[in-house]
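Encoded as structure tokens, the structure appears first; notes follow it.
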Amino acid sequence: MTPASKAKIRVQTGVTIVLGFFAIYLIATEPNSSDKIKWAYGIIGIIIGYWLK
């Protein structure tokens with residue numbers, strides 16, 4: 001594995017962790033009728049879809 005591919009994996013994992021944490025935080029703290037909830041579930045779906053590609 002080249003250093004460039006290792007860096008790419010680290011960045012991908014870091015972005016996933018940050019966005020995932022933020023989305024889970026919004027899901028846990030916002031009321032159910034909030035538009036932010038829809039955004040947070042969308043982000044979770046994008047993350048799952050990206051890693052299952």
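For the structure tokens, the naming scheme is as follows: chains receive sequential letters (A, B, ...) according to their order of presentation, residues are indexed from 1 within each chain, and ligands are indexed from 1 in presentation order.
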
- Message: What parts of chain A does DSSP call helix (DSSP H, G or I)? I'd like the answer as a PyMOL selection string.
- Response: chain A and resi 3-29+35-52

- Item | Shell around stretch 20-22 of chain A at 12 Å using only C-alpha atoms, local window under 5 positions removed, as a list in words | Gln12, Thr13, Gly14, Val15, Ile27, Ala28, Thr29, Glu30, Lys36, Ile37, Trp39, Ala40, Tyr41, Gly42, Ile43, Ile44, Gly45, Ile46, Ile47 and Ile48 of chain A

N, CA, C and O atoms of the current selection, written as a PDB file, in the first residue's frame:
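Result file follows (part.pdb):
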ATOM      1  N   GLN A  12     -10.758   9.580   4.288  1.00  0.00           N
ATOM      2  CA  GLN A  12     -12.112   9.047   4.132  1.00  0.00           C
ATOM      3  C   GLN A  12     -12.692   8.639   5.479  1.00  0.00           C
ATOM      4  O   GLN A  12     -13.852   8.926   5.784  1.00  0.00           O
ATOM      5  N   THR A  13     -11.887   7.966   6.289  1.00  0.00           N
ATOM      6  CA  THR A  13     -12.347   7.531   7.605  1.00  0.00           C
ATOM      7  C   THR A  13     -12.605   8.732   8.507  1.00  0.00           C
ATOM      8  O   THR A  13     -13.604   8.764   9.225  1.00  0.00           O
ATOM      9  N   GLY A  14     -11.734   9.715   8.474  1.00  0.00           N
ATOM     10  CA  GLY A  14     -11.910  10.906   9.295  1.00  0.00           C
ATOM     11  C   GLY A  14     -13.175  11.669   8.950  1.00  0.00           C
ATOM     12  O   GLY A  14     -13.931  12.074   9.839  1.00  0.00           O
ATOM     13  N   VAL A  15     -13.423  11.852   7.663  1.00  0.00           N
ATOM     14  CA  VAL A  15     -14.639  12.551   7.236  1.00  0.00           C
ATOM     15  C   VAL A  15     -15.872  11.758   7.641  1.00  0.00           C
ATOM     16  O   VAL A  15     -16.864  12.325   8.113  1.00  0.00           O
ATOM     17  N   ILE A  27     -29.650  13.666  15.453  1.00  0.00           N
ATOM     18  CA  ILE A  27     -30.764  12.726  15.611  1.00  0.00           C
ATOM     19  C   ILE A  27     -31.123  12.580  17.085  1.00  0.00           C
ATOM     20  O   ILE A  27     -32.294  12.511  17.448  1.00  0.00           O
ATOM     21  N   ALA A  28     -30.119  12.562  17.949  1.00  0.00           N
ATOM     22  CA  ALA A  28     -30.362  12.352  19.379  1.00  0.00           C
ATOM     23  C   ALA A  28     -30.896  13.597  20.078  1.00  0.00           C
ATOM     24  O   ALA A  28     -31.605  13.472  21.087  1.00  0.00           O
ATOM     25  N   THR A  29     -30.597  14.791  19.585  1.00  0.00           N
ATOM     26  CA  THR A  29     -30.945  15.998  20.330  1.00  0.00           C
ATOM     27  C   THR A  29     -32.083  16.818  19.742  1.00  0.00           C
ATOM     28  O   THR A  29     -32.713  17.581  20.464  1.00  0.00           O
ATOM     29  N   GLU A  30     -32.370  16.692  18.472  1.00  0.00           N
ATOM     30  CA  GLU A  30     -33.406  17.512  17.838  1.00  0.00           C
ATOM     31  C   GLU A  30     -34.778  16.859  17.990  1.00  0.00           C
ATOM     32  O   GLU A  30     -34.903  15.643  18.023  1.00  0.00           O
ATOM     33  N   LYS A  36     -33.835  19.308  10.412  1.00  0.00           N
ATOM     34  CA  LYS A  36     -32.462  18.850  10.608  1.00  0.00           C
ATOM     35  C   LYS A  36     -32.392  17.329  10.712  1.00  0.00           C
ATOM     36  O   LYS A  36     -31.398  16.727  10.343  1.00  0.00           O
ATOM     37  N   ILE A  37     -33.453  16.728  11.225  1.00  0.00           N
ATOM     38  CA  ILE A  37     -33.496  15.262  11.339  1.00  0.00           C
ATOM     39  C   ILE A  37     -33.428  14.621   9.953  1.00  0.00           C
ATOM     40  O   ILE A  37     -32.714  13.642   9.749  1.00  0.00           O
ATOM     41  N   TRP A  39     -32.097  15.873   7.284  1.00  0.00           N
ATOM     42  CA  TRP A  39     -30.737  16.059   6.801  1.00  0.00           C
ATOM     43  C   TRP A  39     -29.801  15.040   7.437  1.00  0.00           C
ATOM     44  O   TRP A  39     -28.964  14.450   6.762  1.00  0.00           O
ATOM     45  N   ALA A  40     -29.953  14.828   8.746  1.00  0.00           N
ATOM     46  CA  ALA A  40     -29.076  13.901   9.470  1.00  0.00           C
ATOM     47  C   ALA A  40     -29.261  12.462   8.962  1.00  0.00           C
ATOM     48  O   ALA A  40     -28.277  11.749   8.756  1.00  0.00           O
ATOM     49  N   TYR A  41     -30.500  12.038   8.754  1.00  0.00           N
ATOM     50  CA  TYR A  41     -30.729  10.696   8.218  1.00  0.00           C
ATOM     51  C   TYR A  41     -30.177  10.579   6.792  1.00  0.00           C
ATOM     52  O   TYR A  41     -29.668   9.524   6.403  1.00  0.00           O
ATOM     53  N   GLY A  42     -30.257  11.638   6.030  1.00  0.00           N
ATOM     54  CA  GLY A  42     -29.688  11.636   4.691  1.00  0.00           C
ATOM     55  C   GLY A  42     -28.179  11.453   4.716  1.00  0.00           C
ATOM     56  O   GLY A  42     -27.617  10.700   3.922  1.00  0.00           O
ATOM     57  N   ILE A  43     -27.510  12.133   5.639  1.00  0.00           N
ATOM     58  CA  ILE A  43     -26.058  11.995   5.778  1.00  0.00           C
ATOM     59  C   ILE A  43     -25.689  10.567   6.169  1.00  0.00           C
ATOM     60  O   ILE A  43     -24.741   9.990   5.625  1.00  0.00           O
ATOM     61  N   ILE A  44     -26.437   9.990   7.104  1.00  0.00           N
ATOM     62  CA  ILE A  44     -26.173   8.595   7.500  1.00  0.00           C
ATOM     63  C   ILE A  44     -26.335   7.669   6.294  1.00  0.00           C
ATOM     64  O   ILE A  44     -25.517   6.774   6.072  1.00  0.00           O
ATOM     65  N   GLY A  45     -27.373   7.894   5.497  1.00  0.00           N
ATOM     66  CA  GLY A  45     -27.583   7.078   4.301  1.00  0.00           C
ATOM     67  C   GLY A  45     -26.458   7.226   3.287  1.00  0.00           C
ATOM     68  O   GLY A  45     -26.017   6.242   2.683  1.00  0.00           O
ATOM     69  N   ILE A  46     -25.973   8.445   3.111  1.00  0.00           N
ATOM     70  CA  ILE A  46     -24.869   8.680   2.182  1.00  0.00           C
ATOM     71  C   ILE A  46     -23.605   7.977   2.660  1.00  0.00           C
ATOM     72  O   ILE A  46     -22.880   7.358   1.866  1.00  0.00           O
ATOM     73  N   ILE A  47     -23.333   8.051   3.959  1.00  0.00           N
ATOM     74  CA  ILE A  47     -22.148   7.392   4.520  1.00  0.00           C
ATOM     75  C   ILE A  47     -22.223   5.875   4.324  1.00  0.00           C
ATOM     76  O   ILE A  47     -21.264   5.245   3.872  1.00  0.00           O
ATOM     77  N   ILE A  48     -23.371   5.297   4.630  1.00  0.00           N
ATOM     78  CA  ILE A  48     -23.532   3.849   4.460  1.00  0.00           C
ATOM     79  C   ILE A  48     -23.401   3.473   2.992  1.00  0.00           C
ATOM     80  O   ILE A  48     -22.710   2.501   2.651  1.00  0.00           O
TER      81      ILE A  48
END

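Going from atom CA of A:Ser33 to atom CA of A:Val18 covers 23.9 Å.
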
- Query: From the list A:Pro3, A:Thr16, A:Ile9, A:Asn32, which residue is nearest A:Gly49 when using only C-alpha atoms?
  - Reply: A:Thr16
